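Chemist: Structure: query26.txt, compact mmCIF, C-alpha atoms and all ligand atoms.
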# COMPACT_ATOMS: atom_id res chain seq x y z
CA MET A 5 -18.02 4.86 -2.13
CA GLU A 6 -18.14 8.36 -3.60
CA ASN A 7 -15.33 10.66 -2.52
CA GLN A 8 -16.45 12.68 0.49
CA THR A 9 -13.31 14.71 0.91
CA THR A 10 -12.06 17.44 -1.41
CA ILE A 11 -8.90 19.49 -1.21
CA LEU A 12 -11.06 22.26 0.27
CA ASN A 13 -12.32 20.31 3.27
CA LEU A 14 -9.24 18.15 3.92
CA THR A 15 -8.10 18.62 7.50
CA GLU A 16 -5.25 21.15 7.74
CA GLU A 17 -3.56 19.56 10.75
CA GLU A 18 -0.27 17.90 9.79
CA PHE A 19 1.14 14.81 11.51
CA VAL A 20 4.28 14.48 9.39
CA HIS A 21 6.88 17.19 9.89
CA PRO A 22 8.06 19.09 6.82
CA GLY A 23 11.22 17.48 5.49
CA ASN A 24 11.97 13.78 5.88
CA ARG A 25 14.36 11.19 4.49
CA ALA A 26 12.19 9.78 1.70
CA CYS A 27 13.41 10.25 -1.90
CA SER A 28 11.81 13.08 -3.84
CA GLY A 29 8.73 11.90 -5.68
CA CYS A 30 8.10 9.10 -3.15
CA GLY A 31 4.53 7.75 -3.37
CA LEU A 32 4.76 6.48 0.19
CA SER A 33 5.44 9.98 1.55
CA ILE A 34 2.23 11.21 -0.14
CA VAL A 35 0.01 8.52 1.37
CA TYR A 36 1.70 8.71 4.75
CA ARG A 37 0.97 12.41 5.07
CA ILE A 38 -2.63 11.99 3.90
CA GLY A 39 -3.24 8.76 5.82
CA LEU A 40 -2.12 10.25 9.13
CA LYS A 41 -4.46 13.21 8.58
CA ALA A 42 -7.28 10.69 8.18
CA LEU A 43 -6.27 8.74 11.29
CA GLY A 44 -5.82 11.77 13.53
CA LYS A 45 -3.92 12.22 16.76
CA ASN A 46 -5.50 9.32 18.64
CA THR A 47 -3.33 6.81 16.81
CA ILE A 48 -0.42 4.48 17.56
CA LEU A 49 1.66 3.29 14.59
CA VAL A 50 3.35 -0.10 14.33
CA VAL A 51 6.05 -0.13 11.64
CA PRO A 52 8.44 -2.92 10.54
CA PRO A 53 11.77 -2.34 8.74
CA SER A 54 11.07 -0.62 5.41
CA CYS A 55 11.42 2.72 3.63
CA LEU A 56 8.91 3.97 6.19
CA THR A 57 11.40 3.48 9.02
CA VAL A 58 13.88 5.51 6.96
CA LEU A 59 11.28 8.19 6.30
CA GLN A 60 10.52 8.30 10.04
CA GLY A 61 14.17 8.84 10.92
CA LEU A 62 16.46 7.40 13.59
CA TYR A 63 15.94 7.91 17.31
CA PRO A 64 15.97 10.57 18.79
CA VAL A 65 14.49 12.30 15.71
CA ALA A 66 11.17 11.38 14.12
CA SER A 67 9.30 12.78 11.16
CA THR A 68 5.87 12.07 12.66
CA LYS A 69 4.17 13.54 15.71
CA LEU A 70 2.37 10.26 16.45
CA PRO A 71 3.71 7.51 18.73
CA CYS A 72 5.36 4.81 16.66
CA VAL A 73 6.62 1.35 17.63
CA ASN A 74 9.32 -0.10 15.37
CA VAL A 75 8.96 -3.88 15.31
CA THR A 76 10.74 -6.82 13.68
CA PHE A 77 10.11 -7.57 10.02
CA ALA A 78 7.96 -10.69 10.53
CA SER A 79 5.92 -9.53 13.49
CA THR A 80 3.81 -6.52 12.45
CA GLY A 81 0.39 -8.18 12.80
CA ALA A 82 1.38 -9.79 16.11
CA ALA A 83 2.95 -6.59 17.47
CA ALA A 84 -0.17 -4.57 16.58
CA THR A 85 -2.21 -7.25 18.38
CA GLY A 86 -0.05 -6.68 21.46
CA VAL A 87 -0.42 -2.90 21.31
CA ARG A 88 -4.21 -3.31 21.10
CA ALA A 89 -4.13 -5.66 24.12
CA ALA A 90 -2.08 -3.10 26.06
CA MET A 91 -4.60 -0.36 25.21
CA ARG A 92 -7.41 -2.63 26.38
CA ALA A 93 -5.60 -3.29 29.67
CA LEU A 94 -5.12 0.46 30.14
CA LYS A 95 -8.80 1.04 29.29
CA LYS A 96 -7.79 3.22 26.33
CA GLU A 97 -10.14 1.58 23.85
CA ASN A 98 -10.60 4.68 21.72
CA VAL A 99 -7.19 4.51 20.01
CA ASN A 100 -6.48 3.58 16.39
CA VAL A 101 -3.84 0.85 16.40
CA VAL A 102 -2.39 1.02 12.91
CA ALA A 103 0.16 -1.34 11.39
CA TRP A 104 1.81 0.34 8.40
CA ALA A 105 4.09 -1.97 6.41
CA GLY A 106 5.65 -2.40 2.98
CA ASP A 107 4.75 -5.07 0.44
CA GLY A 108 7.71 -7.28 1.34
CA GLY A 109 6.85 -7.03 5.02
CA THR A 110 3.23 -7.85 4.20
CA SER A 111 3.09 -10.27 1.27
CA ASP A 112 6.14 -12.33 2.25
CA ILE A 113 7.74 -12.37 5.69
CA GLY A 114 4.85 -10.81 7.64
CA ILE A 115 1.93 -12.64 6.04
CA GLN A 116 1.60 -15.23 8.82
CA ALA A 117 1.30 -12.62 11.59
CA LEU A 118 -1.19 -10.63 9.50
CA SER A 119 -3.21 -13.74 8.65
CA GLY A 120 -3.29 -14.76 12.33
CA ALA A 121 -4.47 -11.30 13.40
CA CYS A 122 -7.23 -11.40 10.75
CA GLU A 123 -8.33 -14.89 11.75
CA ARG A 124 -8.48 -13.91 15.43
CA GLY A 125 -10.48 -10.78 14.58
CA GLU A 126 -8.01 -8.35 16.13
CA ASP A 127 -9.15 -4.74 16.34
CA ILE A 128 -6.43 -3.23 14.16
CA ILE A 129 -6.04 -1.32 10.90
CA TYR A 130 -3.33 -2.72 8.62
CA ILE A 131 -2.08 -0.52 5.78
CA CYS A 132 0.25 -2.07 3.21
CA TYR A 133 2.00 0.38 0.90
CA ASP A 134 2.92 -1.48 -2.24
CA ASN A 135 5.99 -0.17 -4.05
CA GLU A 136 6.29 -3.64 -5.54
CA ALA A 137 9.76 -4.59 -4.24
CA TYR A 138 12.04 -4.49 -1.21
CA MET A 139 13.10 -0.90 -1.85
CA ASN A 140 14.83 -0.03 1.41
CA THR A 141 17.46 -2.71 0.87
CA GLY A 142 18.06 -1.97 -2.81
CA VAL A 143 15.15 -3.19 -4.98
CA GLN A 144 14.86 -6.94 -4.48
CA ARG A 145 11.76 -8.67 -5.89
CA SER A 146 8.87 -9.32 -3.49
CA GLY A 147 5.67 -11.35 -3.75
CA THR A 148 3.88 -8.30 -5.17
CA THR A 149 6.48 -7.43 -7.82
CA PRO A 150 4.69 -7.83 -11.17
CA GLN A 151 5.85 -10.45 -13.65
CA GLY A 152 8.69 -9.38 -15.93
CA VAL A 153 9.96 -6.57 -13.69
CA ILE A 154 13.72 -6.04 -13.48
CA THR A 155 14.99 -5.91 -9.89
CA THR A 156 18.43 -6.55 -8.44
CA THR A 157 17.44 -10.19 -7.79
CA THR A 158 15.73 -10.58 -11.19
CA PRO A 159 18.28 -8.67 -13.29
CA ILE A 160 18.01 -10.17 -16.76
CA LYS A 161 14.59 -11.53 -17.75
CA GLY A 162 12.72 -9.90 -14.88
CA LYS A 163 10.58 -11.66 -12.27
CA LEU A 164 9.28 -15.00 -13.54
CA GLN A 165 6.18 -15.21 -11.33
CA GLU A 166 2.98 -13.14 -11.34
CA LYS A 167 2.10 -10.52 -8.72
CA LYS A 168 0.61 -11.97 -5.53
CA ASP A 169 -2.94 -10.67 -4.96
CA VAL A 170 -2.67 -9.79 -1.28
CA PRO A 171 -6.00 -7.90 -0.88
CA SER A 172 -7.86 -10.99 -2.16
CA ILE A 173 -5.90 -13.23 0.23
CA ILE A 174 -6.85 -10.98 3.15
CA ALA A 175 -10.46 -10.69 1.94
CA ALA A 176 -10.64 -14.50 2.01
CA HIS A 177 -10.31 -14.25 5.80
CA GLY A 178 -13.81 -12.77 5.79
CA ILE A 179 -12.85 -9.56 7.63
CA GLY A 180 -15.21 -6.58 7.62
CA TYR A 181 -13.24 -4.13 5.50
CA VAL A 182 -10.66 -4.55 2.72
CA ALA A 183 -9.82 -1.72 0.33
CA THR A 184 -7.28 -0.80 -2.33
CA ALA A 185 -6.07 2.73 -3.07
CA SER A 186 -3.36 4.63 -4.90
CA ALA A 187 -0.99 7.48 -4.07
CA ALA A 188 -2.19 9.05 -7.32
CA TYR A 189 -5.69 9.40 -5.86
CA PRO A 190 -4.94 10.57 -2.31
CA LEU A 191 -8.46 11.70 -1.43
CA ASP A 192 -9.90 8.28 -2.29
CA PHE A 193 -7.26 6.83 0.07
CA TYR A 194 -8.13 9.43 2.73
CA ASP A 195 -11.82 8.50 2.66
CA LYS A 196 -11.02 4.79 2.91
CA VAL A 197 -8.77 5.33 5.92
CA ARG A 198 -11.47 7.51 7.52
CA LYS A 199 -14.03 4.79 6.92
CA ALA A 200 -11.69 2.16 8.40
CA THR A 201 -11.50 4.19 11.64
CA THR A 202 -15.29 3.87 12.02
CA ILE A 203 -15.28 0.05 11.82
CA SER A 204 -13.97 -2.37 14.43
CA GLY A 205 -12.15 -5.67 13.93
CA PRO A 206 -9.39 -6.21 11.38
CA ARG A 207 -9.34 -3.71 8.52
CA TYR A 208 -6.90 -3.90 5.59
CA ILE A 209 -6.00 -1.21 3.05
CA HIS A 210 -3.57 -1.93 0.21
CA VAL A 211 -2.20 1.26 -1.36
CA HIS A 212 -0.16 1.38 -4.57
CA THR A 213 2.82 3.73 -4.14
CA PRO A 214 5.02 4.50 -7.16
CA CYS A 215 8.74 4.65 -6.35
CA PRO A 216 10.91 6.66 -8.79
CA PRO A 217 14.31 5.00 -8.12
CA GLY A 218 12.91 1.47 -7.80
CA TRP A 219 10.67 1.73 -10.88
CA SER A 220 13.06 3.89 -12.95
CA PHE A 221 11.08 7.00 -13.79
CA GLU A 222 11.68 10.69 -13.19
CA THR A 223 10.51 12.00 -9.82
CA ARG A 224 8.04 14.42 -11.39
CA TYR A 225 5.99 11.54 -12.87
CA THR A 226 4.84 9.82 -9.65
CA ILE A 227 1.19 10.84 -10.00
CA LYS A 228 1.15 10.22 -13.75
CA VAL A 229 2.57 6.69 -13.32
CA GLY A 230 0.16 5.92 -10.46
CA LYS A 231 -2.81 7.14 -12.51
CA LEU A 232 -1.75 5.07 -15.52
CA ALA A 233 -1.77 1.91 -13.38
CA VAL A 234 -5.45 2.65 -12.65
CA GLN A 235 -6.42 4.00 -16.09
CA THR A 236 -5.05 0.91 -17.85
CA GLY A 237 -7.10 -1.28 -15.49
CA LEU A 238 -4.02 -2.95 -14.00
CA PHE A 239 -4.47 -1.71 -10.44
CA ASP A 240 -8.09 -1.21 -9.39
CA LEU A 241 -9.52 1.01 -6.67
CA TYR A 242 -12.16 -0.88 -4.71
CA GLU A 243 -13.49 -1.71 -1.30
CA ILE A 244 -15.01 -4.90 0.11
CA GLU A 245 -17.27 -4.05 2.99
CA ASN A 246 -18.88 -6.97 4.83
CA GLY A 247 -18.22 -9.12 1.77
CA GLU A 248 -19.72 -6.66 -0.72
CA PHE A 249 -17.31 -5.62 -3.48
CA ARG A 250 -17.53 -2.24 -5.21
CA LEU A 251 -15.21 -0.24 -7.41
CA THR A 252 -14.55 3.31 -6.29
CA GLY A 253 -13.39 6.63 -7.73
CA ALA A 254 -11.38 6.52 -10.95
CA SER A 255 -11.87 2.75 -11.35
CA LYS A 256 -15.64 3.03 -10.99
CA ASN A 257 -15.58 5.72 -13.66
CA LEU A 258 -13.81 3.33 -16.04
CA VAL A 259 -16.65 0.79 -16.16
CA GLY A 260 -18.08 0.64 -19.68
CA LYS A 261 -15.41 3.01 -21.03
CA ALA A 262 -12.35 2.32 -23.16
CA ARG A 263 -9.26 1.68 -21.07
CA LEU A 264 -5.73 2.64 -22.11
CA PRO A 265 -3.63 -0.34 -23.24
CA VAL A 266 -1.30 -1.70 -20.53
CA THR A 267 1.71 -0.73 -22.68
CA GLU A 268 0.94 2.94 -21.87
CA TYR A 269 1.84 2.11 -18.26
CA PHE A 270 4.76 -0.19 -19.01
CA LYS A 271 6.55 2.30 -21.25
CA THR A 272 6.76 4.93 -18.48
CA GLN A 273 9.15 2.81 -16.37
CA GLY A 274 12.62 1.38 -16.92
CA ARG A 275 11.82 -1.67 -14.74
CA PHE A 276 9.61 -3.05 -17.56
CA LYS A 277 12.31 -2.71 -20.23
CA SER A 278 12.79 -6.47 -20.63
CA LEU A 279 9.08 -7.37 -20.91
CA ASP A 280 8.61 -9.71 -23.82
CA LYS A 281 5.64 -9.68 -26.19
CA ASP A 282 4.12 -12.82 -24.70
CA ILE A 283 3.93 -11.36 -21.19
CA ILE A 284 2.44 -8.09 -22.49
CA LYS A 285 -0.20 -10.04 -24.44
CA LYS A 286 -1.02 -12.26 -21.45
CA VAL A 287 -1.30 -9.30 -19.05
CA GLN A 288 -3.57 -7.40 -21.45
CA GLU A 289 -5.80 -10.48 -21.76
CA GLN A 290 -5.94 -10.89 -17.98
CA VAL A 291 -6.89 -7.23 -17.54
CA ASP A 292 -9.56 -7.47 -20.26
CA ALA A 293 -11.04 -10.61 -18.69
CA LYS A 294 -11.14 -8.99 -15.24
CA TRP A 295 -12.89 -5.90 -16.61
CA ALA A 296 -15.36 -8.05 -18.51
CA ARG A 297 -16.36 -9.46 -15.11
CA TYR A 298 -16.69 -5.94 -13.64
C1 LIG A 301 14.34 -10.71 9.31
C2 LIG A 301 14.84 -9.58 8.48
N1 LIG A 301 15.29 -9.83 7.23
C3 LIG A 301 15.73 -8.82 6.45
C4 LIG A 301 15.75 -7.55 6.94
C5 LIG A 301 16.30 -6.43 6.06
N2 LIG A 301 15.29 -5.54 5.54
C6 LIG A 301 15.00 -4.36 6.12
S1 LIG A 301 13.88 -3.46 5.27
C7 LIG A 301 13.78 -4.65 4.08
C8 LIG A 301 12.93 -4.42 2.85
C9 LIG A 301 11.50 -4.12 3.15
O1 LIG A 301 10.73 -4.19 1.97
P1 LIG A 301 9.24 -3.74 1.99
O2 LIG A 301 8.52 -4.36 3.11
O3 LIG A 301 8.66 -3.95 0.64
O4 LIG A 301 9.33 -2.17 2.31
P2 LIG A 301 10.10 -1.05 1.39
O5 LIG A 301 11.54 -1.10 1.77
O6 LIG A 301 9.87 -1.40 -0.03
O7 LIG A 301 9.47 0.24 1.79
C10 LIG A 301 14.60 -5.74 4.37
C11 LIG A 301 14.77 -6.94 3.52
C12 LIG A 301 15.27 -7.30 8.23
N3 LIG A 301 15.23 -6.07 8.77
N4 LIG A 301 14.83 -8.33 9.00
S1 LIG A 302 13.11 4.02 -2.42
FE1 LIG A 302 11.01 4.41 -3.22
S2 LIG A 302 9.60 3.94 -1.53
FE2 LIG A 302 11.68 4.15 -0.66
S3 LIG A 302 11.81 6.30 0.01
FE3 LIG A 302 12.64 6.20 -2.09
S4 LIG A 302 10.87 6.64 -3.44
FE4 LIG A 302 10.05 6.13 -1.41
MG MG A 303 8.30 -2.53 -0.86
The structure in this file should be written as structure tokens.
Ligand SMILES: Cc1ncc(C[n+]2csc(CCOP(=O)(O)OP(=O)(O)O)c2C)c(N)n1
Ligand code: SF4
Ligand SMILES: [Mg+2]
Modeler:
Amino acid sequence: MENQTTILNLTEEEFVHPGNRACSGCGLSIVYRIGLKALGKNTILVVPPSCLTVLQGLYPVASTKLPCVNVTFASTGAAATGVRAAMRALKKENVNVVAWAGDGGTSDIGIQALSGACERGEDIIYICYDNEAYMNTGVQRSGTTPQGVITTTTPIKGKLQEKKDVPSIIAAHGIGYVATASAAYPLDFYDKVRKATTISGPRYIHVHTPCPPGWSFETRYTIKVGKLAVQTGLFDLYEIENGEFRLTGASKNLVGKARLPVTEYFKTQGRFKSLDKDIIKKVQEQVDAKWARY
């Protein structure tokens, strides 16, 4: 997919009020603002406990103009299924039912409800923002935390296991649209969300969202850190439409070109400070092998 949207033709209507409770430099707040522009006003959000519920604010205040249902941590895919069923019963078929959850709520506790919704072919969009830990509760490791990362539950040697590849797990359900995106490339994300609204059935978008306090970098470097994840070939921008895989945007432009070494990404963040040489070597080899396949 080539980017359709530029900063000049991006819709001006805002669905997130100015000022919210996210930290400064929050990658989630960037994609939330842009993603809601892409979804438009005919949208109902389904959100489990996460930094997004904090960003939204506590009743009776809310930082978004769109209707939002706060659901339990494990139930996002099931709750979105129920909202879709309610819309069907009310004959309001033309509504985007959008589950928007963190990586912990998606890769760990909510994966069964998401998997069930995908298997049943529910007509929902599921957006996972991946800040690579349970940030809202104080940076505990999740299934998508990369290997070697220091969190409050992996404080000394870092996480022992590798990052769980959730987009591939969801793609294995054979659903019509799976995409990855990054807060550092918001227009690529915007176009993918727009495309998802034109398809029916389950649609899944996994967006990488740098988090300054959780990843230990200065707030002004959010875009730089997000871009380095893509430019080193660690996090790839792609879409899988009806089973057909293609790289998009900045990742597509990397094919056949020299990539930056993964250490350029690791050295920007305090959470990688305990990475040992063996892990760095293994990760670089994995990235090189993946790009050889591309
Ligand atoms: C069943 C259950 N267990 C634990 C919690 C506490 N809890 C609320 S938010 C959260 C972390 C969510 O992590 P993630 O989904 O990655 O979103 P993030 O906070 O990183 O935005 C946890 C553990 C909960 N609300 N419900
Ligand atoms: S902890 Fe991270 S994800 Fe959560 S609001 Fe702050 S910057 Fe955003
Ligand atoms: Mg998280």
Chemist: Residues of chain A that approach ligand LIG 301 (chain A) to 7 Å or less, counting all atoms listed in the file: could you list each one with the shortest pair of atoms and its distance in Å to one decimal, rows by chain and increasing residue number, as CSV?
Modeler:
residue,atom,partner,partner_atom,distance
A:Pro53,CA,A:LIG301,S1,4.2
A:Ser54,CA,A:LIG301,O5,3.7
A:Cys55,CA,A:LIG301,O7,3.7
A:Leu56,CA,A:LIG301,O7,5.8
A:Thr76,CA,A:LIG301,N4,6.4
A:Phe77,CA,A:LIG301,N4,4.9
A:Ala78,CA,A:LIG301,C1,6.5
A:Ala105,CA,A:LIG301,O2,6.0
A:Gly106,CA,A:LIG301,O2,3.5
A:Asp107,CA,A:LIG301,O3,4.1
A:Gly108,CA,A:LIG301,O2,3.5
A:Gly109,CA,A:LIG301,O2,3.7
A:Thr110,CA,A:LIG301,O2,6.4
A:Asp134,CA,A:LIG301,O3,6.9
A:Asn135,CA,A:LIG301,O6,5.7
A:Glu136,CA,A:LIG301,O3,6.6
A:Ala137,CA,A:LIG301,O3,5.0
A:Tyr138,CA,A:LIG301,O1,3.5
A:Met139,CA,A:LIG301,O6,3.7
A:Asn140,CA,A:LIG301,O5,3.5
A:Thr141,CA,A:LIG301,C8,5.2
A:Ser146,CA,A:LIG301,O3,6.8
Chemist: Report, in Å with one decimal, the straight-line distance from atom CA of A:Val35 to atom CA of A:Lys294.
Modeler: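 Interatomic distance, atom CA of A:Val35 to atom CA of A:Lys294: 26.6 Å.
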Chemist: Please compute the atom CA of A:Gln288-atom CA of A:Gly230 distance, one decimal, in Å.
Modeler: 17.7 Å
Chemist: I need the residue nearest ligand LIG 302 (chain A) from this list: A:Glu243, A:Glu222, A:Glu126, A:Glu97. Use all atoms listed in the file for the distance.
Modeler: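 Of the candidates, the smallest distance to ligand LIG 302 (chain A) is held by A:Glu222.
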Chemist: Kindly work out which residues sit at most 7 Å from ligand LIG 302 (chain A), using all atoms listed in the file, and give the list as a PyMOL selection string.
Modeler: chain A and resi 26-33+55+59+135+139-140+215-218
Chemist: Can you tell me which residues surround stretch 161-175 of chain A at a distance of at most 6 Å, considering only C-alpha atoms, apart from same-chain residues fewer than 3 positions away, and format the answer as a list in words?
Modeler: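 Final neighbour list, sorted by chain and number: Gly147, Thr148, Thr149, Pro150, Gln151, Gly152, Val153, Ile154, Thr158 and Gly178 of chain A.
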Chemist: Between A:Leu40, A:Ile209, A:Val291, A:Val259, which has the minimum distance to A:Tyr133 (counting only C-alpha atoms)?
Modeler: A:Ile209
Chemist: Anything within 10 Å of (-6.7, -0.5, 21.6): list those residues as number ranges by chain, counting only C-alpha atoms and sticking to the file's coordinates.
Modeler: A: 47-48, 84-102, 126-128
Chemist: From the set A:Val234, A:Cys132, A:Val182, A:Ala82, which residue has the shortest atom-to-atom contact distance to ligand MG 303 (chain A), counting all atoms listed in the file?
Modeler: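 For ligand MG 303 (chain A), the nearest of the given residues is A:Cys132.
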